[in-house]
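Chemist: See coords_28.cif below, with mmCIF, C-alpha atoms and all ligand atoms.
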```
data_input
loop_
_atom_site.label_atom_id
_atom_site.label_comp_id
_atom_site.auth_asym_id
_atom_site.auth_seq_id
_atom_site.Cartn_x
_atom_site.Cartn_y
_atom_site.Cartn_z
CA MET A 1 0.00 0.00 0.00
CA VAL A 2 1.52 3.35 -1.11
CA GLU A 3 0.33 6.84 -0.22
CA GLU A 4 -0.76 8.59 -3.43
CA GLN A 5 1.23 11.66 -2.44
CA HIS A 6 4.37 9.63 -3.28
CA ILE A 7 3.16 9.13 -6.89
CA PRO A 8 4.18 11.92 -9.30
CA LYS A 9 1.17 14.13 -10.08
CA GLN A 10 1.16 13.35 -13.81
CA TYR A 11 0.54 9.64 -13.11
CA ARG A 12 -2.32 9.99 -10.65
CA LEU A 13 -5.62 8.48 -11.80
CA GLY A 14 -8.94 10.39 -11.84
CA PRO A 15 -11.88 9.79 -9.48
CA ASN A 16 -13.24 6.23 -9.03
CA PRO A 17 -10.57 4.37 -11.02
CA GLY A 18 -11.62 0.93 -9.71
CA VAL A 19 -9.45 -2.14 -10.00
CA THR A 20 -7.00 -2.97 -12.78
CA MET A 21 -5.28 -6.27 -13.66
CA PRO A 22 -2.60 -5.78 -16.33
CA ASN A 23 -0.84 -8.85 -17.73
CA GLY A 24 2.94 -9.02 -17.53
CA MET A 25 5.12 -11.73 -19.07
CA GLY A 26 3.57 -14.89 -17.66
CA ASP A 27 2.69 -12.95 -14.51
CA PHE A 28 0.14 -10.28 -13.67
CA LEU A 29 -0.57 -7.37 -11.40
CA LEU A 30 -3.60 -6.44 -9.33
CA GLY A 31 -3.83 -2.70 -8.69
CA SER A 32 -6.49 -0.75 -6.83
CA VAL A 33 -6.89 2.80 -5.60
CA VAL A 34 -8.48 2.97 -2.17
CA ALA A 35 -9.36 5.78 0.25
CA GLY A 36 -6.63 7.37 2.34
CA ALA A 37 -6.16 6.29 5.96
CA ASP A 38 -8.46 9.18 6.97
CA GLY A 39 -11.18 8.02 4.51
CA SER A 40 -10.40 10.72 1.94
CA ARG A 41 -11.04 9.96 -1.76
CA THR A 42 -9.56 13.24 -2.95
CA VAL A 43 -6.99 12.72 -5.72
CA GLY A 44 -3.56 12.89 -4.11
CA GLN A 45 -4.77 11.77 -0.69
CA ARG A 46 -5.76 8.19 -1.54
CA ARG A 47 -3.62 5.04 -1.40
CA LEU A 48 -2.55 2.65 -4.13
CA GLY A 49 -2.58 -1.06 -3.33
CA TRP A 50 -0.74 -3.49 -5.57
CA ALA A 51 -0.11 -7.23 -5.64
CA TRP A 52 2.30 -8.76 -8.14
CA TYR A 53 1.71 -12.44 -8.88
CA ASP A 54 5.31 -13.44 -9.61
CA ASN A 55 5.92 -17.12 -10.31
CA THR A 56 9.72 -16.93 -10.61
CA GLU A 57 10.96 -16.93 -7.00
CA ASN A 58 10.20 -20.46 -5.79
CA ASP A 59 13.90 -21.26 -5.29
CA LEU A 60 14.48 -18.13 -3.22
CA LEU A 61 11.43 -18.80 -1.03
CA ARG A 62 12.77 -22.31 -0.35
CA GLN A 63 16.35 -21.11 0.29
CA LEU A 64 15.10 -18.60 2.87
CA GLY A 65 12.93 -21.18 4.62
CA CYS A 66 9.60 -19.56 3.64
CA VAL A 67 8.62 -22.83 1.98
CA LYS A 68 9.72 -26.30 3.13
CA GLY A 69 8.97 -29.01 0.60
CA ASN A 70 5.54 -27.99 -0.60
CA VAL A 71 4.39 -26.43 2.67
CA VAL A 72 4.38 -22.68 3.26
CA GLN A 73 6.03 -21.71 6.55
CA HIS A 74 5.89 -17.91 6.52
CA SER A 75 5.95 -14.76 4.41
CA LEU A 76 9.08 -12.72 3.70
CA ARG A 77 9.21 -9.19 5.08
CA GLY A 78 10.61 -6.38 2.96
CA ALA A 79 13.57 -6.00 5.34
CA ASP A 80 14.53 -9.65 4.71
CA ILE A 81 14.29 -9.64 0.90
CA PRO A 82 17.84 -9.76 -0.55
CA THR A 83 18.92 -6.49 -2.21
CA GLU A 84 19.75 -8.35 -5.41
CA THR A 85 16.19 -9.69 -5.56
CA LEU A 86 14.78 -6.20 -5.06
CA ASP A 87 17.03 -4.88 -7.86
CA ASN A 88 15.79 -7.63 -10.18
CA LEU A 89 12.21 -6.87 -9.22
CA SER A 90 12.74 -3.20 -9.99
CA ASN A 91 14.17 -3.99 -13.45
CA LYS A 92 11.35 -6.41 -14.21
CA ALA A 93 8.77 -3.84 -13.11
CA ASN A 94 10.23 -1.31 -15.59
CA GLN A 95 9.66 -3.78 -18.42
CA ARG A 96 6.14 -4.70 -17.39
CA TRP A 97 3.92 -2.28 -15.57
CA PRO A 98 2.23 0.96 -16.63
CA GLN A 99 1.88 4.03 -14.45
CA PRO A 100 0.83 4.74 -11.78
CA TRP A 101 1.54 1.14 -10.70
CA LEU A 102 5.17 1.30 -11.74
CA ALA A 103 5.74 4.36 -9.54
CA ALA A 104 3.92 2.67 -6.64
CA ILE A 105 5.99 -0.52 -6.99
CA GLN A 106 9.28 1.38 -7.24
CA HIS A 107 8.36 3.34 -4.11
CA SER A 108 7.57 0.14 -2.22
CA ILE A 109 10.87 -1.42 -3.33
CA ARG A 110 12.89 1.68 -2.40
CA THR A 111 11.34 1.82 1.07
CA ARG A 112 11.18 -1.99 1.45
CA ASN A 113 7.52 -1.56 2.27
CA LEU A 114 6.41 -4.84 0.73
CA VAL A 115 5.82 -8.44 1.74
CA ALA A 116 6.41 -11.59 -0.32
CA THR A 117 3.82 -14.24 0.44
CA PRO A 118 4.28 -17.76 -0.93
CA ILE A 119 1.17 -19.20 -2.52
CA ALA A 120 0.78 -22.97 -2.32
CA GLU A 121 -2.13 -24.84 -3.78
CA TYR A 122 -2.85 -28.52 -4.19
CA VAL A 123 -4.75 -30.90 -6.41
CA PRO A 124 -7.22 -32.85 -4.27
CA GLU A 125 -6.88 -36.61 -4.53
CA VAL A 126 -10.42 -37.57 -3.55
CA LEU A 127 -13.50 -35.67 -4.72
CA VAL A 128 -16.02 -38.48 -4.81
CA LYS A 129 -17.10 -41.40 -2.67
CA GLU A 130 -19.98 -43.52 -3.94
CA ARG A 131 -22.95 -41.13 -4.28
CA ILE A 132 -21.27 -38.15 -2.60
CA ALA A 133 -19.22 -35.50 -4.44
CA LEU A 134 -17.41 -32.46 -3.11
CA VAL A 135 -17.33 -29.15 -5.00
CA GLY A 136 -15.87 -25.73 -4.33
CA ASP A 137 -14.07 -24.83 -1.14
CA ALA A 138 -15.06 -28.12 0.46
CA ALA A 139 -13.01 -29.90 -2.20
CA HIS A 140 -10.01 -27.59 -2.59
CA LEU A 141 -9.76 -24.44 -0.54
CA PRO A 142 -7.62 -21.99 -2.51
CA THR A 143 -5.68 -19.25 -0.78
CA PRO A 144 -7.62 -15.95 -0.83
CA LEU A 145 -4.57 -14.28 -2.40
CA THR A 146 -5.36 -15.83 -5.76
CA ALA A 147 -8.92 -14.47 -5.80
CA SER A 148 -9.83 -17.61 -7.75
CA GLY A 149 -12.01 -19.64 -5.37
CA PHE A 150 -15.32 -18.54 -6.80
CA ASN A 151 -14.21 -19.31 -10.35
CA ALA A 152 -12.82 -22.71 -9.33
CA SER A 153 -16.10 -23.50 -7.58
CA LEU A 154 -18.13 -22.58 -10.66
CA GLU A 155 -15.89 -24.79 -12.81
CA ASP A 156 -16.54 -27.69 -10.44
CA ALA A 157 -20.29 -27.16 -10.66
CA ALA A 158 -20.21 -26.90 -14.47
CA THR A 159 -18.04 -30.01 -14.82
CA LEU A 160 -20.26 -31.94 -12.43
CA ALA A 161 -23.35 -30.90 -14.41
CA ASP A 162 -21.70 -31.95 -17.70
CA CYS A 163 -20.77 -35.37 -16.34
CA MET A 164 -24.22 -35.91 -14.86
CA ALA A 165 -25.99 -34.81 -18.05
CA LYS A 166 -24.02 -37.35 -20.11
CA GLU A 167 -24.44 -40.31 -17.77
CA ILE A 168 -27.81 -39.72 -16.20
CA GLN A 169 -29.70 -41.08 -19.21
CA GLY A 170 -28.03 -44.43 -18.67
CA GLY A 171 -28.97 -44.09 -15.01
CA ASP A 172 -25.46 -44.59 -13.64
CA ALA A 173 -24.97 -41.72 -11.20
CA VAL A 174 -21.94 -43.33 -9.52
CA LYS A 175 -20.16 -43.61 -12.89
CA ALA A 176 -21.00 -39.97 -13.61
CA LEU A 177 -19.46 -38.92 -10.32
CA LEU A 178 -16.30 -40.93 -10.99
CA GLN A 179 -15.95 -39.12 -14.31
CA TYR A 180 -16.30 -35.82 -12.49
C1 LIG B 201 -12.84 -12.62 2.26
C2 LIG B 201 -12.93 -13.47 1.03
C3 LIG B 201 -12.65 -12.91 -0.21
C4 LIG B 201 -12.75 -13.68 -1.37
N1 LIG B 201 -12.50 -13.09 -2.58
C5 LIG B 201 -12.63 -13.82 -3.69
C6 LIG B 201 -12.40 -13.22 -4.97
O1 LIG B 201 -12.10 -12.04 -5.08
N2 LIG B 201 -12.53 -14.01 -6.07
C7 LIG B 201 -12.88 -15.33 -5.98
O2 LIG B 201 -12.99 -15.98 -7.03
N3 LIG B 201 -13.09 -15.91 -4.79
C8 LIG B 201 -12.97 -15.20 -3.64
N4 LIG B 201 -13.19 -15.79 -2.43
C9 LIG B 201 -13.45 -17.24 -2.37
C10 LIG B 201 -14.92 -17.59 -2.69
O3 LIG B 201 -15.79 -16.79 -1.92
C11 LIG B 201 -15.12 -19.06 -2.37
O4 LIG B 201 -14.12 -19.83 -3.03
C12 LIG B 201 -16.50 -19.53 -2.85
O5 LIG B 201 -17.50 -18.78 -2.21
C13 LIG B 201 -16.66 -21.02 -2.52
O6 LIG B 201 -17.97 -21.39 -2.82
P1 LIG B 201 -18.58 -22.66 -2.14
O7 LIG B 201 -19.97 -22.76 -2.67
O8 LIG B 201 -17.66 -23.82 -2.33
O9 LIG B 201 -18.57 -22.38 -0.57
P2 LIG B 201 -19.38 -21.25 0.26
O10 LIG B 201 -19.60 -20.03 -0.59
O11 LIG B 201 -18.63 -21.11 1.54
O12 LIG B 201 -20.80 -21.92 0.50
C14 LIG B 201 -20.96 -22.94 1.50
C15 LIG B 201 -22.36 -22.72 2.06
O13 LIG B 201 -22.67 -23.84 2.90
C16 LIG B 201 -23.33 -23.34 4.04
N5 LIG B 201 -23.18 -24.37 5.10
C17 LIG B 201 -22.09 -24.66 5.83
N6 LIG B 201 -22.34 -25.64 6.68
C18 LIG B 201 -23.64 -25.99 6.49
C19 LIG B 201 -24.50 -26.97 7.07
N7 LIG B 201 -24.06 -27.81 8.03
N8 LIG B 201 -25.76 -27.04 6.62
C20 LIG B 201 -26.22 -26.23 5.65
N9 LIG B 201 -25.44 -25.28 5.06
C21 LIG B 201 -24.17 -25.18 5.48
C22 LIG B 201 -22.65 -22.03 4.34
O14 LIG B 201 -23.46 -21.20 5.15
C23 LIG B 201 -22.48 -21.47 2.92
O15 LIG B 201 -23.60 -20.74 2.50
C24 LIG B 201 -13.11 -15.04 -1.27
C25 LIG B 201 -13.37 -15.60 0.00
C26 LIG B 201 -13.29 -14.83 1.12
C27 LIG B 201 -13.60 -15.45 2.47
#
```
Can you turn what I pasted into structure tokens?
Ligand SMILES: Cc1cc2nc3c(=O)[nH]c(=O)nc-3n(C[C@H](O)[C@H](O)[C@H](O)COP(=O)(O)OP(=O)(O)OC[C@H]3O[C@@H](n4cnc5c(N)ncnc54)[C@H](O)[C@@H]3O)c2cc1C
Modeler:
Amino acid sequence: MVEEQHIPKQYRLGPNPGVTMPNGMGDFLLGSVVAGADGSRTVGQRRLGWAWYDNTENDLLRQLGCVKGNVVQHSLRGADIPTETLDNLSNKANQRWPQPWLAAIQHSIRTRNLVATPIAEYVPEVLVKERIALVGDAAHLPTPLTASGFNASLEDAATLADCMAKEIQGGDAVKALLQY
């Protein structure tokens, strides 16, 4: 989260800019402008929030003990991110992100006001037992950071409906569930 006053005036967005999700190079950014700490929505007094979904630092997260095997242990505070990694991040940001997000990211990197959070997800091994099937969060709770749980749940429901529609005429519900 970056105070808008730290963003050069020419890059500041107008009123009610909403949320933006630009694509990078195999990665993407989530950017949103929110009210200032005092509730102000006046341009220049708001805050810019950004989250960069970077899939290139698995080795570093393991080296620093943030991830052991496939299990997340903890996040990495800005103060603990190696300077070389921050320099790389800054260069990559220059190649990827438009303003005002680039200015916000560079400010966060300069002040080390950022947190790296490992995201681990898993493929569930069992979704079905006899006439019972699990869908959505009950089957595979995704981390909120990916903002993908609702979509994943809808995909489950659609896939389940497809499988049932194909098999139900033959009357074999258990087979339909196994396909799902
Ligand atoms: C704070 C937050 C932010 C999120 N943001 C996003 C986002 O931006 N994008 C996104 O895609 N996903 C997001 N998600 C995830 C998304 O909301 C879930 O993945 C999705 O709602 C899962 O749907 P579901 O039907 O599996 O479970 P739920 O929506 O949890 O539905 C389960 C239902 O079962 C009911 N229930 C529980 N126990 C019983 C019982 N014993 N008897 C009867 N009913 C029962 C519950 O009351 C609930 O209504 C967010 C989740 C949270 C918590």
Chemist: Which residue, A:Gly69, A:Leu30, A:Leu89, A:Trp50, has the smallest gap to ligand LIG 201 (chain B) when you use only C-alpha atoms and all ligand atoms?
Modeler: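 The closest residue to ligand LIG 201 (chain B) is A:Leu30.
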Chemist: Take every atom of ligand LIG 201 (chain B) listed in the file, pad by 3 Å on each side, and give me the axis-aligned box centre and edge lengths in Å, one decimal, as lines of an AutoDock Vina configuration file.
Modeler:
```
center_x = -19.2
center_y = -19.9
center_z = 0.5
size_x = 20.1
size_y = 21.8
size_z = 21.1
```
Chemist: Hey, which residues sit close to ligand LIG 201 (chain B)? Say within 7 Å, counting only C-alpha atoms and all ligand atoms, and write them as a list of chain:residue names.
Modeler: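 Listed by chain and ascending number, the contacts are A:Val135, A:Gly136, A:Asp137, A:Ala138, A:Leu141, A:Pro142, A:Pro144, A:Ala147, A:Ser148, A:Gly149, A:Phe150, A:Asn151, A:Ser153.
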Chemist: Taking 3 positions as the minimum chain separation for residues in the same chain, which residues sit within 6 Å of Cys163 (chain A) when counting all atoms listed in the file? Answer as a PyMOL selection string.
Modeler: chain A and resi 160+166+176+180
Chemist: Between CA of Thr111 (chain A) and CA of Pro98 (chain A), what is the spacing in Å?
Modeler: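 Between CA of Pro98 (chain A) and CA of Thr111 (chain A) the gap works out to 19.9 Å.
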Chemist: Around the point (13.5, 6.8, -7.8), in the coordinates given by the file, pick out the residues reaching within 12 Å, counting all atoms listed in the file, and return them as a list in words.
Modeler: His6, Ile7, Pro8, Ser90, Asn94, Leu102, Ala103, Ala104, Ile105, Gln106, His107, Ser108, Ile109, Arg110 and Thr111 of chain A
Chemist: Write the residues of the selection above to a file with C-alpha atoms, as an mmCIF file, in the coordinates of the input.
Modeler:
```cif
data_model
loop_
_atom_site.group_PDB
_atom_site.id
_atom_site.type_symbol
_atom_site.label_atom_id
_atom_site.label_comp_id
_atom_site.auth_asym_id
_atom_site.auth_seq_id
_atom_site.Cartn_x
_atom_site.Cartn_y
_atom_site.Cartn_z
ATOM 1 C CA HIS A 6 4.370 9.630 -3.280
ATOM 2 C CA ILE A 7 3.160 9.130 -6.890
ATOM 3 C CA PRO A 8 4.180 11.920 -9.300
ATOM 4 C CA SER A 90 12.740 -3.200 -9.990
ATOM 5 C CA ASN A 94 10.230 -1.310 -15.590
ATOM 6 C CA LEU A 102 5.170 1.300 -11.740
ATOM 7 C CA ALA A 103 5.740 4.360 -9.540
ATOM 8 C CA ALA A 104 3.920 2.670 -6.640
ATOM 9 C CA ILE A 105 5.990 -0.520 -6.990
ATOM 10 C CA GLN A 106 9.280 1.380 -7.240
ATOM 11 C CA HIS A 107 8.360 3.340 -4.110
ATOM 12 C CA SER A 108 7.570 0.140 -2.220
ATOM 13 C CA ILE A 109 10.870 -1.420 -3.330
ATOM 14 C CA ARG A 110 12.890 1.680 -2.400
ATOM 15 C CA THR A 111 11.340 1.820 1.070
#
```
Chemist: Do you know which residues are at most 12 Å from Tyr122 (chain A) counting all atoms listed in the file, after dropping those on the same chain fewer than 3 positions away, and could you put them as JSON, numbers by chain?
Modeler: {"A": [70, 71, 72, 119, 125, 126, 139, 140, 141, 142, 143]}
Chemist: Return the single residue from A:Cys66, A:Leu154, A:Val174, A:Leu86 that is closest to Val128 (chain A), with distances computed using all atoms listed in the file.
Modeler: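 Smallest distance to Val128 (chain A) is found for A:Val174.
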Chemist: Which residue is closest to Gln73 (chain A)? Choose from A:Leu114, A:Ala120, A:Leu60, A:Val43 and count all atoms listed in the file.
Modeler: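 Checking each candidate against Gln73 (chain A), we get A:Ala120 as the closest.
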Chemist: Could you tell me how far CA of Val123 (chain A) lies from CA of Asp156 (chain A), in Å and to one decimal?
Modeler: 12.9 Å
Chemist: Using all atoms listed in the file, which residues sit within 6 Å of region 52-54 of chain A once same-chain residues fewer than 5 positions away are excluded, as a ChimeraX atom specification?
Modeler: /A:27-29
Chemist: Report, in Å with one decimal, the straight-line distance from CA of Gly171 (chain A) to CA of Lys129 (chain A).
Modeler: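 We find that CA of Gly171 (chain A) and CA of Lys129 (chain A) lie 17.3 Å from each other.
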Chemist: Generate the missing atoms of region 136-147 of chain A up to all heavy atoms and report them as a PDB file, keeping the file's coordinate frame.
Modeler:
```
ATOM      1  N   GLY A 136     -16.220 -27.033  -4.920  1.00  0.00           N
ATOM      2  CA  GLY A 136     -15.870 -25.730  -4.330  1.00  0.00           C
ATOM      3  C   GLY A 136     -14.872 -25.822  -3.198  1.00  0.00           C
ATOM      4  O   GLY A 136     -14.005 -26.691  -3.168  1.00  0.00           O
ATOM      5  N   ASP A 137     -15.025 -24.914  -2.253  1.00  0.00           N
ATOM      6  CA  ASP A 137     -14.070 -24.830  -1.140  1.00  0.00           C
ATOM      7  C   ASP A 137     -13.979 -26.138  -0.353  1.00  0.00           C
ATOM      8  O   ASP A 137     -12.924 -26.464   0.202  1.00  0.00           O
ATOM      9  CB  ASP A 137     -14.467 -23.707  -0.172  1.00  0.00           C
ATOM     10  CG  ASP A 137     -14.051 -22.334  -0.684  1.00  0.00           C
ATOM     11  OD1 ASP A 137     -13.585 -22.250  -1.829  1.00  0.00           O
ATOM     12  OD2 ASP A 137     -14.194 -21.357   0.080  1.00  0.00           O
ATOM     13  N   ALA A 138     -15.083 -26.863  -0.282  1.00  0.00           N
ATOM     14  CA  ALA A 138     -15.060 -28.120   0.460  1.00  0.00           C
ATOM     15  C   ALA A 138     -14.078 -29.097  -0.169  1.00  0.00           C
ATOM     16  O   ALA A 138     -13.488 -29.927   0.511  1.00  0.00           O
ATOM     17  CB  ALA A 138     -16.465 -28.727   0.495  1.00  0.00           C
ATOM     18  N   ALA A 139     -13.884 -28.965  -1.495  1.00  0.00           N
ATOM     19  CA  ALA A 139     -13.010 -29.900  -2.200  1.00  0.00           C
ATOM     20  C   ALA A 139     -11.567 -29.399  -2.223  1.00  0.00           C
ATOM     21  O   ALA A 139     -10.631 -30.182  -2.103  1.00  0.00           O
ATOM     22  CB  ALA A 139     -13.509 -30.105  -3.628  1.00  0.00           C
ATOM     23  N   HIS A 140     -11.377 -28.111  -2.387  1.00  0.00           N
ATOM     24  CA  HIS A 140     -10.010 -27.590  -2.590  1.00  0.00           C
ATOM     25  C   HIS A 140      -9.968 -26.125  -2.230  1.00  0.00           C
ATOM     26  O   HIS A 140     -10.146 -25.252  -3.071  1.00  0.00           O
ATOM     27  CB  HIS A 140      -9.572 -27.773  -4.055  1.00  0.00           C
ATOM     28  CG  HIS A 140     -10.625 -27.376  -5.042  1.00  0.00           C
ATOM     29  ND1 HIS A 140     -10.991 -26.067  -5.246  1.00  0.00           N
ATOM     30  CD2 HIS A 140     -11.422 -28.119  -5.825  1.00  0.00           C
ATOM     31  CE1 HIS A 140     -11.946 -26.020  -6.143  1.00  0.00           C
ATOM     32  NE2 HIS A 140     -12.245 -27.254  -6.505  1.00  0.00           N
ATOM     33  N   LEU A 141      -9.744 -25.836  -0.991  1.00  0.00           N
ATOM     34  CA  LEU A 141      -9.760 -24.440  -0.540  1.00  0.00           C
ATOM     35  C   LEU A 141      -8.551 -23.685  -1.094  1.00  0.00           C
ATOM     36  O   LEU A 141      -7.421 -23.968  -0.725  1.00  0.00           O
ATOM     37  CB  LEU A 141      -9.724 -24.407   0.987  1.00  0.00           C
ATOM     38  CG  LEU A 141      -9.914 -23.035   1.612  1.00  0.00           C
ATOM     39  CD1 LEU A 141     -11.283 -22.477   1.274  1.00  0.00           C
ATOM     40  CD2 LEU A 141      -9.734 -23.115   3.109  1.00  0.00           C
ATOM     41  N   PRO A 142      -8.768 -22.741  -2.005  1.00  0.00           N
ATOM     42  CA  PRO A 142      -7.620 -21.990  -2.510  1.00  0.00           C
ATOM     43  C   PRO A 142      -7.271 -20.837  -1.565  1.00  0.00           C
ATOM     44  O   PRO A 142      -8.137 -20.362  -0.839  1.00  0.00           O
ATOM     45  CB  PRO A 142      -8.097 -21.426  -3.857  1.00  0.00           C
ATOM     46  CG  PRO A 142      -9.549 -21.704  -3.936  1.00  0.00           C
ATOM     47  CD  PRO A 142     -10.008 -22.307  -2.644  1.00  0.00           C
ATOM     48  N   THR A 143      -6.041 -20.403  -1.603  1.00  0.00           N
ATOM     49  CA  THR A 143      -5.680 -19.250  -0.780  1.00  0.00           C
ATOM     50  C   THR A 143      -6.406 -18.007  -1.295  1.00  0.00           C
ATOM     51  O   THR A 143      -6.522 -17.811  -2.505  1.00  0.00           O
ATOM     52  CB  THR A 143      -4.159 -19.014  -0.776  1.00  0.00           C
ATOM     53  OG1 THR A 143      -3.944 -17.653  -0.392  1.00  0.00           O
ATOM     54  CG2 THR A 143      -3.530 -19.235  -2.120  1.00  0.00           C
ATOM     55  N   PRO A 144      -6.906 -17.156  -0.390  1.00  0.00           N
ATOM     56  CA  PRO A 144      -7.620 -15.950  -0.830  1.00  0.00           C
ATOM     57  C   PRO A 144      -6.772 -15.059  -1.731  1.00  0.00           C
ATOM     58  O   PRO A 144      -7.301 -14.305  -2.540  1.00  0.00           O
ATOM     59  CB  PRO A 144      -7.942 -15.223   0.485  1.00  0.00           C
ATOM     60  CG  PRO A 144      -7.869 -16.258   1.542  1.00  0.00           C
ATOM     61  CD  PRO A 144      -6.881 -17.285   1.074  1.00  0.00           C
ATOM     62  N   LEU A 145      -5.436 -15.164  -1.607  1.00  0.00           N
ATOM     63  CA  LEU A 145      -4.570 -14.280  -2.400  1.00  0.00           C
ATOM     64  C   LEU A 145      -4.746 -14.458  -3.893  1.00  0.00           C
ATOM     65  O   LEU A 145      -4.430 -13.568  -4.665  1.00  0.00           O
ATOM     66  CB  LEU A 145      -3.095 -14.539  -2.045  1.00  0.00           C
ATOM     67  CG  LEU A 145      -2.642 -13.934  -0.726  1.00  0.00           C
ATOM     68  CD1 LEU A 145      -1.259 -14.431  -0.377  1.00  0.00           C
ATOM     69  CD2 LEU A 145      -2.648 -12.425  -0.815  1.00  0.00           C
ATOM     70  N   THR A 146      -5.209 -15.627  -4.322  1.00  0.00           N
ATOM     71  CA  THR A 146      -5.360 -15.830  -5.760  1.00  0.00           C
ATOM     72  C   THR A 146      -6.691 -15.316  -6.283  1.00  0.00           C
ATOM     73  O   THR A 146      -6.882 -15.233  -7.492  1.00  0.00           O
ATOM     74  CB  THR A 146      -5.266 -17.330  -6.121  1.00  0.00           C
ATOM     75  OG1 THR A 146      -6.315 -18.020  -5.437  1.00  0.00           O
ATOM     76  CG2 THR A 146      -3.931 -17.927  -5.719  1.00  0.00           C
ATOM     77  N   ALA A 147      -7.598 -14.964  -5.388  1.00  0.00           N
ATOM     78  CA  ALA A 147      -8.920 -14.470  -5.800  1.00  0.00           C
ATOM     79  C   ALA A 147      -9.552 -15.391  -6.845  1.00  0.00           C
ATOM     80  O   ALA A 147     -10.173 -14.926  -7.795  1.00  0.00           O
ATOM     81  CB  ALA A 147      -8.836 -13.038  -6.313  1.00  0.00           C
TER      82      ALA A 147
END
```
